[in-house]
Amino acid sequence: MPYLIKKLFEFLILDGMQSGLSWKIILNKRSSFKKAFNNFDPKKISKYTKKDVDRLLLDKGIIRNRKKIESIINNSIKFLETKKAFKTFDSYIWSFSNYETKKNRFRKWSEIPTFSKESEKMSIDMKTRGFTFVGPIVCYAFMQTIGLVNDHIMTCFRYNEVDKI
């Protein structure tokens, strides 16, 4: 499985798992998620069974929420279906930003929104395709994570560097 596909899927998983929790919790468990979910390989995860769900519910290294675990399995299938329909998942996901990074000009953290009209559109479309745990806030976090949106405040050293990636 190519690196980019795994990374996009990893970020989709982690953003969904973060729903209702702090990023610190998720980032501290990232390596455990990677181990528990076959290095974020959507092809392997798409074949998980009830037995795998039961195994994951016992794994103290991850978030043991049945609905979120089942969502990861479901989303792996939907991810692969969407990838096939659009040739690449990134071409699908970047379509929500017109294939370019939206560079916001925030001066304070408090100005950064939790969702946008683009993340609402993404959420609706992904739900139509059968994805779960992809509300507008999760989609916006995903957009930030993968670079569709640059929400670094203007004084942050990363603000201009993000454009160079």
# chains A, B, ... in the order shown; residues from 1 in each chain; ligands from 1
call {"tool": "select_by_dssp", "arguments": {"residues": "stretch 6-165 of chain A", "states": "strand (DSSP E)", "output": "PDB file with C-alpha atoms, in the first residue's frame"}}
result
ATOM      1  CA  LYS A 102      -6.758  27.571   1.855  1.00  0.00           C
ATOM      2  CA  LYS A 103      -4.383  29.853   3.718  1.00  0.00           C
ATOM      3  CA  VAL A 149      -6.380  24.353   5.307  1.00  0.00           C
ATOM      4  CA  ASN A 150      -3.500  26.323   6.811  1.00  0.00           C
TER       5      ASN A 150
END
call {"tool": "residues_around", "arguments": {"residues": "stretch 141-143 of chain A", "least_positions_apart": "6", "cutoff": "9 Å", "atoms": "only C-alpha atoms", "output": "PDB file with N, CA, C and O atoms, in the first residue's frame"}}
result
ATOM      1  N   LEU A   8      -3.118   9.229   4.552  1.00  0.00           N
ATOM      2  CA  LEU A   8      -4.454   9.821   4.505  1.00  0.00           C
ATOM      3  C   LEU A   8      -5.427   9.013   5.355  1.00  0.00           C
ATOM      4  O   LEU A   8      -6.225   9.572   6.108  1.00  0.00           O
ATOM      5  N   PHE A  11      -4.708   9.527   9.124  1.00  0.00           N
ATOM      6  CA  PHE A  11      -5.218  10.790   9.640  1.00  0.00           C
ATOM      7  C   PHE A  11      -6.739  10.783   9.741  1.00  0.00           C
ATOM      8  O   PHE A  11      -7.305  11.351  10.676  1.00  0.00           O
ATOM      9  N   LEU A  12      -7.398  10.129   8.808  1.00  0.00           N
ATOM     10  CA  LEU A  12      -8.848   9.999   8.880  1.00  0.00           C
ATOM     11  C   LEU A  12      -9.241   9.201  10.128  1.00  0.00           C
ATOM     12  O   LEU A  12     -10.157   9.580  10.859  1.00  0.00           O
ATOM     13  N   LEU A  14      -7.402   8.757  12.954  1.00  0.00           N
ATOM     14  CA  LEU A  14      -7.065   9.484  14.176  1.00  0.00           C
ATOM     15  C   LEU A  14      -7.995  10.668  14.407  1.00  0.00           C
ATOM     16  O   LEU A  14      -8.378  10.943  15.550  1.00  0.00           O
ATOM     17  N   ASP A  15      -8.373  11.360  13.333  1.00  0.00           N
ATOM     18  CA  ASP A  15      -9.312  12.474  13.501  1.00  0.00           C
ATOM     19  C   ASP A  15     -10.671  11.979  13.973  1.00  0.00           C
ATOM     20  O   ASP A  15     -11.306  12.609  14.818  1.00  0.00           O
ATOM     21  N   GLY A  16     -11.119  10.854  13.469  1.00  0.00           N
ATOM     22  CA  GLY A  16     -12.379  10.271  13.930  1.00  0.00           C
ATOM     23  C   GLY A  16     -12.297   9.798  15.372  1.00  0.00           C
ATOM     24  O   GLY A  16     -13.232   9.983  16.154  1.00  0.00           O
ATOM     25  N   ILE A  93     -10.478  13.982  -1.984  1.00  0.00           N
ATOM     26  CA  ILE A  93     -10.496  14.820  -0.794  1.00  0.00           C
ATOM     27  C   ILE A  93     -10.072  16.262  -1.119  1.00  0.00           C
ATOM     28  O   ILE A  93     -10.613  17.216  -0.584  1.00  0.00           O
ATOM     29  N   TRP A  94      -9.109  16.420  -2.038  1.00  0.00           N
ATOM     30  CA  TRP A  94      -8.658  17.764  -2.404  1.00  0.00           C
ATOM     31  C   TRP A  94      -9.706  18.521  -3.217  1.00  0.00           C
ATOM     32  O   TRP A  94      -9.648  19.743  -3.335  1.00  0.00           O
ATOM     33  N   SER A  97     -11.350  21.541  -1.616  1.00  0.00           N
ATOM     34  CA  SER A  97     -10.626  22.810  -1.472  1.00  0.00           C
ATOM     35  C   SER A  97     -10.187  23.340  -2.836  1.00  0.00           C
ATOM     36  O   SER A  97      -9.267  24.152  -2.911  1.00  0.00           O
ATOM     37  N   THR A 114     -14.021  25.841  14.092  1.00  0.00           N
ATOM     38  CA  THR A 114     -14.023  24.394  14.293  1.00  0.00           C
ATOM     39  C   THR A 114     -14.523  23.658  13.054  1.00  0.00           C
ATOM     40  O   THR A 114     -14.344  22.447  12.946  1.00  0.00           O
ATOM     41  N   PHE A 115     -15.149  24.388  12.133  1.00  0.00           N
ATOM     42  CA  PHE A 115     -15.609  23.803  10.872  1.00  0.00           C
ATOM     43  C   PHE A 115     -15.763  24.914   9.852  1.00  0.00           C
ATOM     44  O   PHE A 115     -15.656  26.099  10.183  1.00  0.00           O
ATOM     45  N   SER A 119     -15.856  21.923   4.974  1.00  0.00           N
ATOM     46  CA  SER A 119     -15.895  20.708   5.799  1.00  0.00           C
ATOM     47  C   SER A 119     -17.328  20.189   5.932  1.00  0.00           C
ATOM     48  O   SER A 119     -17.534  18.980   6.055  1.00  0.00           O
ATOM     49  N   VAL A 149      -6.179  23.072   4.647  1.00  0.00           N
ATOM     50  CA  VAL A 149      -6.380  24.353   5.307  1.00  0.00           C
ATOM     51  C   VAL A 149      -5.127  24.659   6.121  1.00  0.00           C
ATOM     52  O   VAL A 149      -4.635  23.798   6.848  1.00  0.00           O
ATOM     53  N   ASN A 150      -4.613  25.875   5.973  1.00  0.00           N
ATOM     54  CA  ASN A 150      -3.500  26.323   6.811  1.00  0.00           C
ATOM     55  C   ASN A 150      -4.085  27.248   7.867  1.00  0.00           C
ATOM     56  O   ASN A 150      -4.389  28.404   7.591  1.00  0.00           O
TER      57      ASN A 150
END
call {"tool": "residues_around", "arguments": {"residues": "stretch 74-82 of chain A", "least_positions_apart": "5", "cutoff": "6 Å", "atoms": "only C-alpha atoms", "output": "compact mmCIF listing (two decimals) with N, CA and C atoms, in the first residue's frame"}}
result
# COMPACT_ATOMS: atom_id res chain seq x y z
N PRO A 42 -5.67 0.17 4.93
CA PRO A 42 -7.12 0.02 4.76
C PRO A 42 -7.53 -1.32 4.14
N SER A 46 -10.11 -3.60 6.17
CA SER A 46 -11.41 -3.86 5.54
C SER A 46 -11.84 -5.31 5.68
N PHE A 131 -19.44 6.69 4.95
CA PHE A 131 -18.46 6.90 6.01
C PHE A 131 -19.19 7.26 7.30
call {"tool": "select_by_dssp", "arguments": {"residues": "stretch 31-163 of chain A", "states": "helix (DSSP H, G or I)", "output": "NGL selection string"}}
result
:A and (31-36 or 38-40 or 42-45 or 50-57 or 66-86 or 89-97 or 109-111 or 117-128 or 136-146 or 158-163)
call {"tool": "closest_residue", "arguments": {"among": "A:Ser31, A:Gln144, A:Ser19, A:Asn98", "to": "A:Ser116", "atoms": "only C-alpha atoms"}}
result
A:Gln144
call {"tool": "closest_residue", "arguments": {"among": "A:Arg129, A:Asn38, A:Lys108, A:Ile62", "to": "A:Ile25", "atoms": "only C-alpha atoms"}}
result
A:Ile62
call {"tool": "decode", "arguments": {"residues": "stretch 111-139 of chain A", "atoms": "N, CA, C and O atoms", "output": "PDB file, in the first residue's frame"}}
result
ATOM      1  N   GLU A 111      -9.560  32.806  16.893  1.00  0.00           N
ATOM      2  CA  GLU A 111     -10.190  33.094  15.593  1.00  0.00           C
ATOM      3  C   GLU A 111     -10.368  31.845  14.729  1.00  0.00           C
ATOM      4  O   GLU A 111     -11.141  31.850  13.779  1.00  0.00           O
ATOM      5  N   ILE A 112      -9.657  30.785  15.068  1.00  0.00           N
ATOM      6  CA  ILE A 112      -9.693  29.569  14.247  1.00  0.00           C
ATOM      7  C   ILE A 112     -11.028  28.863  14.442  1.00  0.00           C
ATOM      8  O   ILE A 112     -11.407  28.531  15.561  1.00  0.00           O
ATOM      9  N   PRO A 113     -11.757  28.619  13.346  1.00  0.00           N
ATOM     10  CA  PRO A 113     -13.065  27.971  13.461  1.00  0.00           C
ATOM     11  C   PRO A 113     -12.931  26.468  13.704  1.00  0.00           C
ATOM     12  O   PRO A 113     -11.864  25.891  13.527  1.00  0.00           O
ATOM     13  N   THR A 114     -14.021  25.841  14.092  1.00  0.00           N
ATOM     14  CA  THR A 114     -14.023  24.394  14.293  1.00  0.00           C
ATOM     15  C   THR A 114     -14.523  23.658  13.054  1.00  0.00           C
ATOM     16  O   THR A 114     -14.344  22.447  12.946  1.00  0.00           O
ATOM     17  N   PHE A 115     -15.149  24.388  12.133  1.00  0.00           N
ATOM     18  CA  PHE A 115     -15.609  23.803  10.872  1.00  0.00           C
ATOM     19  C   PHE A 115     -15.763  24.914   9.852  1.00  0.00           C
ATOM     20  O   PHE A 115     -15.656  26.099  10.183  1.00  0.00           O
ATOM     21  N   SER A 116     -15.993  24.545   8.611  1.00  0.00           N
ATOM     22  CA  SER A 116     -16.155  25.507   7.524  1.00  0.00           C
ATOM     23  C   SER A 116     -17.228  25.002   6.563  1.00  0.00           C
ATOM     24  O   SER A 116     -17.672  23.850   6.670  1.00  0.00           O
ATOM     25  N   LYS A 117     -17.591  25.826   5.617  1.00  0.00           N
ATOM     26  CA  LYS A 117     -18.577  25.374   4.620  1.00  0.00           C
ATOM     27  C   LYS A 117     -18.005  24.215   3.806  1.00  0.00           C
ATOM     28  O   LYS A 117     -18.722  23.295   3.431  1.00  0.00           O
ATOM     29  N   GLU A 118     -16.685  24.223   3.583  1.00  0.00           N
ATOM     30  CA  GLU A 118     -16.050  23.114   2.858  1.00  0.00           C
ATOM     31  C   GLU A 118     -16.092  21.818   3.667  1.00  0.00           C
ATOM     32  O   GLU A 118     -16.333  20.748   3.116  1.00  0.00           O
ATOM     33  N   SER A 119     -15.856  21.923   4.974  1.00  0.00           N
ATOM     34  CA  SER A 119     -15.895  20.708   5.799  1.00  0.00           C
ATOM     35  C   SER A 119     -17.328  20.189   5.932  1.00  0.00           C
ATOM     36  O   SER A 119     -17.534  18.980   6.055  1.00  0.00           O
ATOM     37  N   GLU A 120     -18.300  21.086   5.889  1.00  0.00           N
ATOM     38  CA  GLU A 120     -19.697  20.649   5.894  1.00  0.00           C
ATOM     39  C   GLU A 120     -20.018  19.879   4.612  1.00  0.00           C
ATOM     40  O   GLU A 120     -20.673  18.838   4.653  1.00  0.00           O
ATOM     41  N   LYS A 121     -19.547  20.397   3.469  1.00  0.00           N
ATOM     42  CA  LYS A 121     -19.763  19.707   2.186  1.00  0.00           C
ATOM     43  C   LYS A 121     -19.070  18.348   2.184  1.00  0.00           C
ATOM     44  O   LYS A 121     -19.627  17.355   1.724  1.00  0.00           O
ATOM     45  N   MET A 122     -17.840  18.325   2.689  1.00  0.00           N
ATOM     46  CA  MET A 122     -17.096  17.067   2.765  1.00  0.00           C
ATOM     47  C   MET A 122     -17.845  16.066   3.636  1.00  0.00           C
ATOM     48  O   MET A 122     -17.998  14.897   3.269  1.00  0.00           O
ATOM     49  N   SER A 123     -18.308  16.515   4.784  1.00  0.00           N
ATOM     50  CA  SER A 123     -19.032  15.650   5.705  1.00  0.00           C
ATOM     51  C   SER A 123     -20.276  15.057   5.051  1.00  0.00           C
ATOM     52  O   SER A 123     -20.505  13.842   5.118  1.00  0.00           O
ATOM     53  N   ILE A 124     -21.058  15.892   4.418  1.00  0.00           N
ATOM     54  CA  ILE A 124     -22.282  15.423   3.749  1.00  0.00           C
ATOM     55  C   ILE A 124     -21.945  14.404   2.677  1.00  0.00           C
ATOM     56  O   ILE A 124     -22.568  13.343   2.589  1.00  0.00           O
ATOM     57  N   ASP A 125     -20.926  14.701   1.870  1.00  0.00           N
ATOM     58  CA  ASP A 125     -20.555  13.791   0.789  1.00  0.00           C
ATOM     59  C   ASP A 125     -20.029  12.467   1.332  1.00  0.00           C
ATOM     60  O   ASP A 125     -20.392  11.395   0.846  1.00  0.00           O
ATOM     61  N   MET A 126     -19.189  12.540   2.348  1.00  0.00           N
ATOM     62  CA  MET A 126     -18.632  11.310   2.920  1.00  0.00           C
ATOM     63  C   MET A 126     -19.727  10.466   3.566  1.00  0.00           C
ATOM     64  O   MET A 126     -19.727   9.243   3.421  1.00  0.00           O
ATOM     65  N   LYS A 127     -20.659  11.099   4.248  1.00  0.00           N
ATOM     66  CA  LYS A 127     -21.771  10.355   4.850  1.00  0.00           C
ATOM     67  C   LYS A 127     -22.626   9.704   3.766  1.00  0.00           C
ATOM     68  O   LYS A 127     -23.079   8.561   3.946  1.00  0.00           O
ATOM     69  N   THR A 128     -22.819  10.410   2.657  1.00  0.00           N
ATOM     70  CA  THR A 128     -23.569   9.842   1.531  1.00  0.00           C
ATOM     71  C   THR A 128     -22.883   8.589   1.003  1.00  0.00           C
ATOM     72  O   THR A 128     -23.539   7.641   0.582  1.00  0.00           O
ATOM     73  N   ARG A 129     -21.568   8.575   1.063  1.00  0.00           N
ATOM     74  CA  ARG A 129     -20.781   7.425   0.606  1.00  0.00           C
ATOM     75  C   ARG A 129     -20.703   6.323   1.658  1.00  0.00           C
ATOM     76  O   ARG A 129     -20.099   5.282   1.424  1.00  0.00           O
ATOM     77  N   GLY A 130     -21.269   6.564   2.846  1.00  0.00           N
ATOM     78  CA  GLY A 130     -21.313   5.538   3.880  1.00  0.00           C
ATOM     79  C   GLY A 130     -20.279   5.661   4.982  1.00  0.00           C
ATOM     80  O   GLY A 130     -20.214   4.815   5.881  1.00  0.00           O
ATOM     81  N   PHE A 131     -19.437   6.687   4.947  1.00  0.00           N
ATOM     82  CA  PHE A 131     -18.458   6.900   6.012  1.00  0.00           C
ATOM     83  C   PHE A 131     -19.187   7.257   7.304  1.00  0.00           C
ATOM     84  O   PHE A 131     -20.280   7.828   7.281  1.00  0.00           O
ATOM     85  N   THR A 132     -18.567   6.941   8.437  1.00  0.00           N
ATOM     86  CA  THR A 132     -19.103   7.309   9.745  1.00  0.00           C
ATOM     87  C   THR A 132     -18.033   8.055  10.545  1.00  0.00           C
ATOM     88  O   THR A 132     -16.848   7.999  10.208  1.00  0.00           O
ATOM     89  N   PHE A 133     -18.469   8.761  11.589  1.00  0.00           N
ATOM     90  CA  PHE A 133     -17.593   9.614  12.394  1.00  0.00           C
ATOM     91  C   PHE A 133     -16.879  10.640  11.513  1.00  0.00           C
ATOM     92  O   PHE A 133     -15.671  10.862  11.632  1.00  0.00           O
ATOM     93  N   VAL A 134     -17.642  11.256  10.617  1.00  0.00           N
ATOM     94  CA  VAL A 134     -17.093  12.259   9.708  1.00  0.00           C
ATOM     95  C   VAL A 134     -18.001  13.493   9.681  1.00  0.00           C
ATOM     96  O   VAL A 134     -18.380  13.972   8.621  1.00  0.00           O
ATOM     97  N   GLY A 135     -18.300  14.002  10.872  1.00  0.00           N
ATOM     98  CA  GLY A 135     -19.076  15.239  10.942  1.00  0.00           C
ATOM     99  C   GLY A 135     -18.229  16.415  10.487  1.00  0.00           C
ATOM    100  O   GLY A 135     -17.022  16.274  10.230  1.00  0.00           O
ATOM    101  N   PRO A 136     -18.819  17.597  10.358  1.00  0.00           N
ATOM    102  CA  PRO A 136     -18.090  18.778   9.870  1.00  0.00           C
ATOM    103  C   PRO A 136     -16.855  19.136  10.700  1.00  0.00           C
ATOM    104  O   PRO A 136     -15.852  19.589  10.143  1.00  0.00           O
ATOM    105  N   ILE A 137     -16.908  18.908  12.014  1.00  0.00           N
ATOM    106  CA  ILE A 137     -15.757  19.233  12.863  1.00  0.00           C
ATOM    107  C   ILE A 137     -14.630  18.232  12.625  1.00  0.00           C
ATOM    108  O   ILE A 137     -13.461  18.617  12.501  1.00  0.00           O
ATOM    109  N   VAL A 138     -14.957  16.955  12.545  1.00  0.00           N
ATOM    110  CA  VAL A 138     -13.942  15.934  12.240  1.00  0.00           C
ATOM    111  C   VAL A 138     -13.353  16.194  10.852  1.00  0.00           C
ATOM    112  O   VAL A 138     -12.132  16.123  10.665  1.00  0.00           O
ATOM    113  N   CYS A 139     -14.197  16.528   9.889  1.00  0.00           N
ATOM    114  CA  CYS A 139     -13.704  16.802   8.531  1.00  0.00           C
ATOM    115  C   CYS A 139     -12.790  18.028   8.510  1.00  0.00           C
ATOM    116  O   CYS A 139     -11.780  18.039   7.809  1.00  0.00           O
TER     117      CYS A 139
END
